[in-house]
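Working notes, structure below.
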Amino acid sequence: MNQNSKNNLEDQEIDLFQISAKINSLAQRLNTSIFKGIQFFIKRKIIIGLLLVSGIGLGYYLDTTEKSYDHRIVVKPNFSSVDFLYEKVSLLESKVKEGDVVFLKSIGIQNPKNIALIEIDPIVDIYTFVNDKTNTVSNAQNTQNFELVKLLAENSDINKVVKDNTTSKNYYNHQIHIVTRGYVTNTNTILPILNFLNQSEYYEKIKKEYTSNTVNRISKLEETVSQINEILFNFSETSKKSGSNEKLVYYNENTQLNDILNTKTYLLSEIGNLKVELIDIQSIIKMKSFVINNVNTKGTNEKMKFILPLFFLFIYILIYKFKTFYKKQLLKEQHENAA
């Protein structure tokens, strides 16, 4: 037992000695590599300096002249035209990818070559989707939307449901994202795209009928409010002529009068909502807001002044290493042939 313990202890000491020797050897190799790296840069400091300065200068030039810009348009598709909107944007996206300058110019875009990307995404707003207080036609629709989301969420994660294509296409607002390689204006790019999205004989007819119906509804509701006002005016005049508060007290306690007042309040609210809706339905695809010419800093945009110097340096080191490797292999081959 004692002899075995002694042997085990010696083996452990040998192992520790070997590990320590390997660590020291690794540290020495690392120090040698660092030293050679420093020597490499010192010996070639002029070439490396020129590469870095050239890379920074060229990078600044590219960042200045090849700027990329983001443009975002928030739109609302009316008259159940959301699929129509997505198909139109998909067509534009394919024409941009194909480089179909003739088509893009034909719809009024003045610098189609500058457009690098166009896409559309829904603006996720589940709360408005299930509880749109501005929707005058449909409290029932809001209830249906809520039940739909609830049903879908029973068998899936709610976060996936709200972003799912089936649900998200039914959100009221959508965002068109455009990327260009130069400045754009509302006139030369945004309006032509919106005009193209609104070109549809079918939806134009629906818009005309829908607008006419909404105007008629407002007119009828205003007539009803006028009638209610006349009733209230007659009541007020009757109360004044009576010279007594007895009838006033009687009418205030009369539930029919309260119903009339509540009805008037409701009708005024409906008229206000419908007038707001008239603004929304002026277009098939209604533009709600847009922001243009935001500098795009994604990817390599605005970073070339940092990327190019490092790239030039990497290429130079790669070429140097390749030459060194080639020379070593050539010398090795020559020695082998000589032997």
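Labels used: A, B, ... for chains in the order of the structure tokens, numbers from 1 for residues in each chain, and numbers from 1 for ligands as shown.
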
Item to check | Surrounding residues of A:Asn114 excluding itself and chain neighbours under 4 positions, 8 Å, only C-alpha atoms, as a ChimeraX atom specification | outcome: /A:180-182

Checklist entry - Per DSSP on the backbone, what are the strand (DSSP E or B) residues of stretch 186-291 of chain A, as number ranges by chain? => result A: 285-291

Export of the given selection (N, CA, C and O atoms) as a compact mmCIF listing (two decimals), in the first residue's frame:
# COMPACT_ATOMS: atom_id res chain seq x y z
N ILE A 285 -56.51 53.46 -50.45
CA ILE A 285 -55.39 53.29 -49.52
C ILE A 285 -55.07 54.67 -48.96
O ILE A 285 -54.47 55.49 -49.65
N LYS A 286 -55.48 54.90 -47.75
CA LYS A 286 -55.33 56.24 -47.15
C LYS A 286 -53.98 56.38 -46.48
O LYS A 286 -53.62 55.60 -45.59
N MET A 287 -53.20 57.38 -46.91
CA MET A 287 -51.93 57.66 -46.25
C MET A 287 -52.19 58.45 -44.97
O MET A 287 -52.81 59.51 -45.00
N LYS A 288 -51.72 57.93 -43.85
CA LYS A 288 -51.93 58.60 -42.57
C LYS A 288 -50.73 59.45 -42.16
O LYS A 288 -50.88 60.47 -41.51
N SER A 289 -49.54 58.99 -42.52
CA SER A 289 -48.33 59.76 -42.21
C SER A 289 -47.16 59.17 -43.00
O SER A 289 -47.23 58.04 -43.48
N PHE A 290 -46.10 59.95 -43.13
CA PHE A 290 -44.89 59.42 -43.76
C PHE A 290 -43.67 60.16 -43.23
O PHE A 290 -43.73 61.33 -42.84
N VAL A 291 -42.56 59.43 -43.18
CA VAL A 291 -41.27 60.00 -42.78
C VAL A 291 -40.27 59.57 -43.84
O VAL A 291 -40.14 58.37 -44.13

Next on the checklist: List the spatial neighbours of A:Gly59 as a list in words - criterion: any atom at most 9 Å away, only C-alpha atoms, same-chain residues fewer than 6 positions off excluded.
Outcome noted: Glu302, Lys303, Met304, Lys305, Phe306, Ile307, Leu308 and Pro309 of chain A

For all heavy atoms, I'd like the residues from the last selection saved as an mmCIF file, in the first residue's frame.
data_model
loop_
_atom_site.group_PDB
_atom_site.id
_atom_site.type_symbol
_atom_site.label_atom_id
_atom_site.label_comp_id
_atom_site.auth_asym_id
_atom_site.auth_seq_id
_atom_site.Cartn_x
_atom_site.Cartn_y
_atom_site.Cartn_z
ATOM 1 N N GLU A 302 -22.809 53.643 -43.514
ATOM 2 C CA GLU A 302 -22.169 54.609 -42.607
ATOM 3 C C GLU A 302 -21.025 53.993 -41.790
ATOM 4 O O GLU A 302 -20.581 54.575 -40.803
ATOM 5 C CB GLU A 302 -23.213 55.213 -41.644
ATOM 6 C CG GLU A 302 -24.267 56.064 -42.325
ATOM 7 C CD GLU A 302 -23.692 57.343 -42.909
ATOM 8 O OE1 GLU A 302 -23.115 58.152 -42.164
ATOM 9 O OE2 GLU A 302 -23.802 57.519 -44.138
ATOM 10 N N LYS A 303 -20.542 52.826 -42.185
ATOM 11 C CA LYS A 303 -19.466 52.166 -41.429
ATOM 12 C C LYS A 303 -18.257 51.854 -42.301
ATOM 13 O O LYS A 303 -17.308 51.199 -41.841
ATOM 14 C CB LYS A 303 -19.992 50.866 -40.800
ATOM 15 C CG LYS A 303 -21.171 51.051 -39.851
ATOM 16 C CD LYS A 303 -21.614 49.722 -39.280
ATOM 17 C CE LYS A 303 -22.859 49.894 -38.409
ATOM 18 N NZ LYS A 303 -24.063 50.169 -39.177
ATOM 19 N N MET A 304 -18.265 52.272 -43.557
ATOM 20 C CA MET A 304 -17.175 51.927 -44.466
ATOM 21 C C MET A 304 -15.840 52.534 -44.038
ATOM 22 O O MET A 304 -14.787 51.961 -44.303
ATOM 23 C CB MET A 304 -17.517 52.383 -45.890
ATOM 24 C CG MET A 304 -18.721 51.687 -46.495
ATOM 25 S SD MET A 304 -18.583 49.881 -46.476
ATOM 26 C CE MET A 304 -17.243 49.615 -47.618
ATOM 27 N N LYS A 305 -15.875 53.670 -43.355
ATOM 28 C CA LYS A 305 -14.633 54.299 -42.895
ATOM 29 C C LYS A 305 -13.934 53.451 -41.831
ATOM 30 O O LYS A 305 -12.733 53.626 -41.575
ATOM 31 C CB LYS A 305 -14.901 55.708 -42.364
ATOM 32 C CG LYS A 305 -15.939 55.800 -41.292
ATOM 33 C CD LYS A 305 -16.149 57.239 -40.877
ATOM 34 C CE LYS A 305 -17.522 57.536 -40.308
ATOM 35 N NZ LYS A 305 -18.620 57.246 -41.210
ATOM 36 N N PHE A 306 -14.671 52.537 -41.201
ATOM 37 C CA PHE A 306 -14.068 51.616 -40.233
ATOM 38 C C PHE A 306 -13.776 50.264 -40.883
ATOM 39 O O PHE A 306 -12.791 49.605 -40.540
ATOM 40 C CB PHE A 306 -15.008 51.409 -39.038
ATOM 41 C CG PHE A 306 -15.431 52.686 -38.370
ATOM 42 C CD1 PHE A 306 -16.740 53.125 -38.439
ATOM 43 C CD2 PHE A 306 -14.506 53.460 -37.683
ATOM 44 C CE1 PHE A 306 -17.132 54.309 -37.832
ATOM 45 C CE2 PHE A 306 -14.880 54.647 -37.068
ATOM 46 C CZ PHE A 306 -16.204 55.074 -37.149
ATOM 47 N N ILE A 307 -14.637 49.859 -41.802
ATOM 48 C CA ILE A 307 -14.514 48.528 -42.410
ATOM 49 C C ILE A 307 -13.359 48.461 -43.400
ATOM 50 O O ILE A 307 -12.551 47.525 -43.376
ATOM 51 C CB ILE A 307 -15.836 48.129 -43.103
ATOM 52 C CG1 ILE A 307 -16.938 47.967 -42.053
ATOM 53 C CG2 ILE A 307 -15.665 46.852 -43.909
ATOM 54 C CD1 ILE A 307 -18.320 47.753 -42.642
ATOM 55 N N LEU A 308 -13.251 49.467 -44.290
ATOM 56 C CA LEU A 308 -12.245 49.406 -45.354
ATOM 57 C C LEU A 308 -10.806 49.363 -44.836
ATOM 58 O O LEU A 308 -9.994 48.583 -45.351
ATOM 59 C CB LEU A 308 -12.426 50.570 -46.321
ATOM 60 C CG LEU A 308 -13.572 50.411 -47.337
ATOM 61 C CD1 LEU A 308 -13.610 51.596 -48.285
ATOM 62 C CD2 LEU A 308 -13.412 49.121 -48.130
ATOM 63 N N PRO A 309 -10.420 50.202 -43.834
ATOM 64 C CA PRO A 309 -9.030 50.103 -43.338
ATOM 65 C C PRO A 309 -8.710 48.703 -42.818
ATOM 66 O O PRO A 309 -7.635 48.163 -43.097
ATOM 67 C CB PRO A 309 -8.983 51.135 -42.204
ATOM 68 C CG PRO A 309 -10.076 52.088 -42.507
ATOM 69 C CD PRO A 309 -11.150 51.301 -43.173
#

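Among the candidates A:Val53, A:Ile292, A:Leu310, A:Leu221, the residue lying nearest to A:Leu268 is A:Leu221 (atoms considered: only C-alpha atoms).
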
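What separates atom CA of A:Glu201 from atom CA of A:Phe84 is a distance of 12.2 Å.
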
Checklist entry - atom CA of A:Leu117 to atom CA of A:Ile178: how many Å, to one decimal? => result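 For atom CA of A:Leu117 relative to atom CA of A:Ile178, the distance reads 5.5 Å.
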
Item to check | Point-to-point distance in Å for atom CA of A:Pro192 and atom CA of A:Val276 | outcome: 25.6 Å

Next on the checklist: Please determine, counting only C-alpha atoms, which residue among A:His71, A:Lys275, A:His335, A:Lys43 has the shortest atom-to-atom distance to A:Thr185.
Outcome noted: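 Of all the options, A:His71 lies closest to A:Thr185.
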
Contacts of A:Asn111 within 9 Å, only C-alpha atoms, excl. fewer than 6 positions in-chain, as an mmCIF file with N, CA, C and O atoms, in the first residue's frame:
data_model
loop_
_atom_site.group_PDB
_atom_site.id
_atom_site.type_symbol
_atom_site.label_atom_id
_atom_site.label_comp_id
_atom_site.auth_asym_id
_atom_site.auth_seq_id
_atom_site.Cartn_x
_atom_site.Cartn_y
_atom_site.Cartn_z
ATOM 1 N N VAL A 101 -37.007 49.371 -64.863
ATOM 2 C CA VAL A 101 -37.027 50.838 -64.825
ATOM 3 C C VAL A 101 -38.192 51.393 -65.645
ATOM 4 O O VAL A 101 -38.815 52.386 -65.249
ATOM 5 N N LEU A 104 -41.439 51.186 -63.572
ATOM 6 C CA LEU A 104 -41.422 52.114 -62.442
ATOM 7 C C LEU A 104 -41.543 53.566 -62.897
ATOM 8 O O LEU A 104 -42.199 54.378 -62.247
ATOM 9 N N LYS A 105 -40.915 53.876 -64.036
ATOM 10 C CA LYS A 105 -41.057 55.233 -64.576
ATOM 11 C C LYS A 105 -42.477 55.480 -65.077
ATOM 12 O O LYS A 105 -42.998 56.598 -64.988
ATOM 13 N N VAL A 184 -35.077 61.337 -51.649
ATOM 14 C CA VAL A 184 -36.310 61.344 -52.439
ATOM 15 C C VAL A 184 -37.178 62.495 -51.945
ATOM 16 O O VAL A 184 -36.955 63.056 -50.869
ATOM 17 N N ASN A 188 -41.525 63.111 -56.213
ATOM 18 C CA ASN A 188 -40.889 62.219 -57.199
ATOM 19 C C ASN A 188 -40.959 60.737 -56.841
ATOM 20 O O ASN A 188 -40.650 59.879 -57.671
ATOM 21 N N THR A 189 -41.348 60.403 -55.602
ATOM 22 C CA THR A 189 -41.388 58.982 -55.227
ATOM 23 C C THR A 189 -42.641 58.590 -54.439
ATOM 24 O O THR A 189 -43.338 57.639 -54.805
#
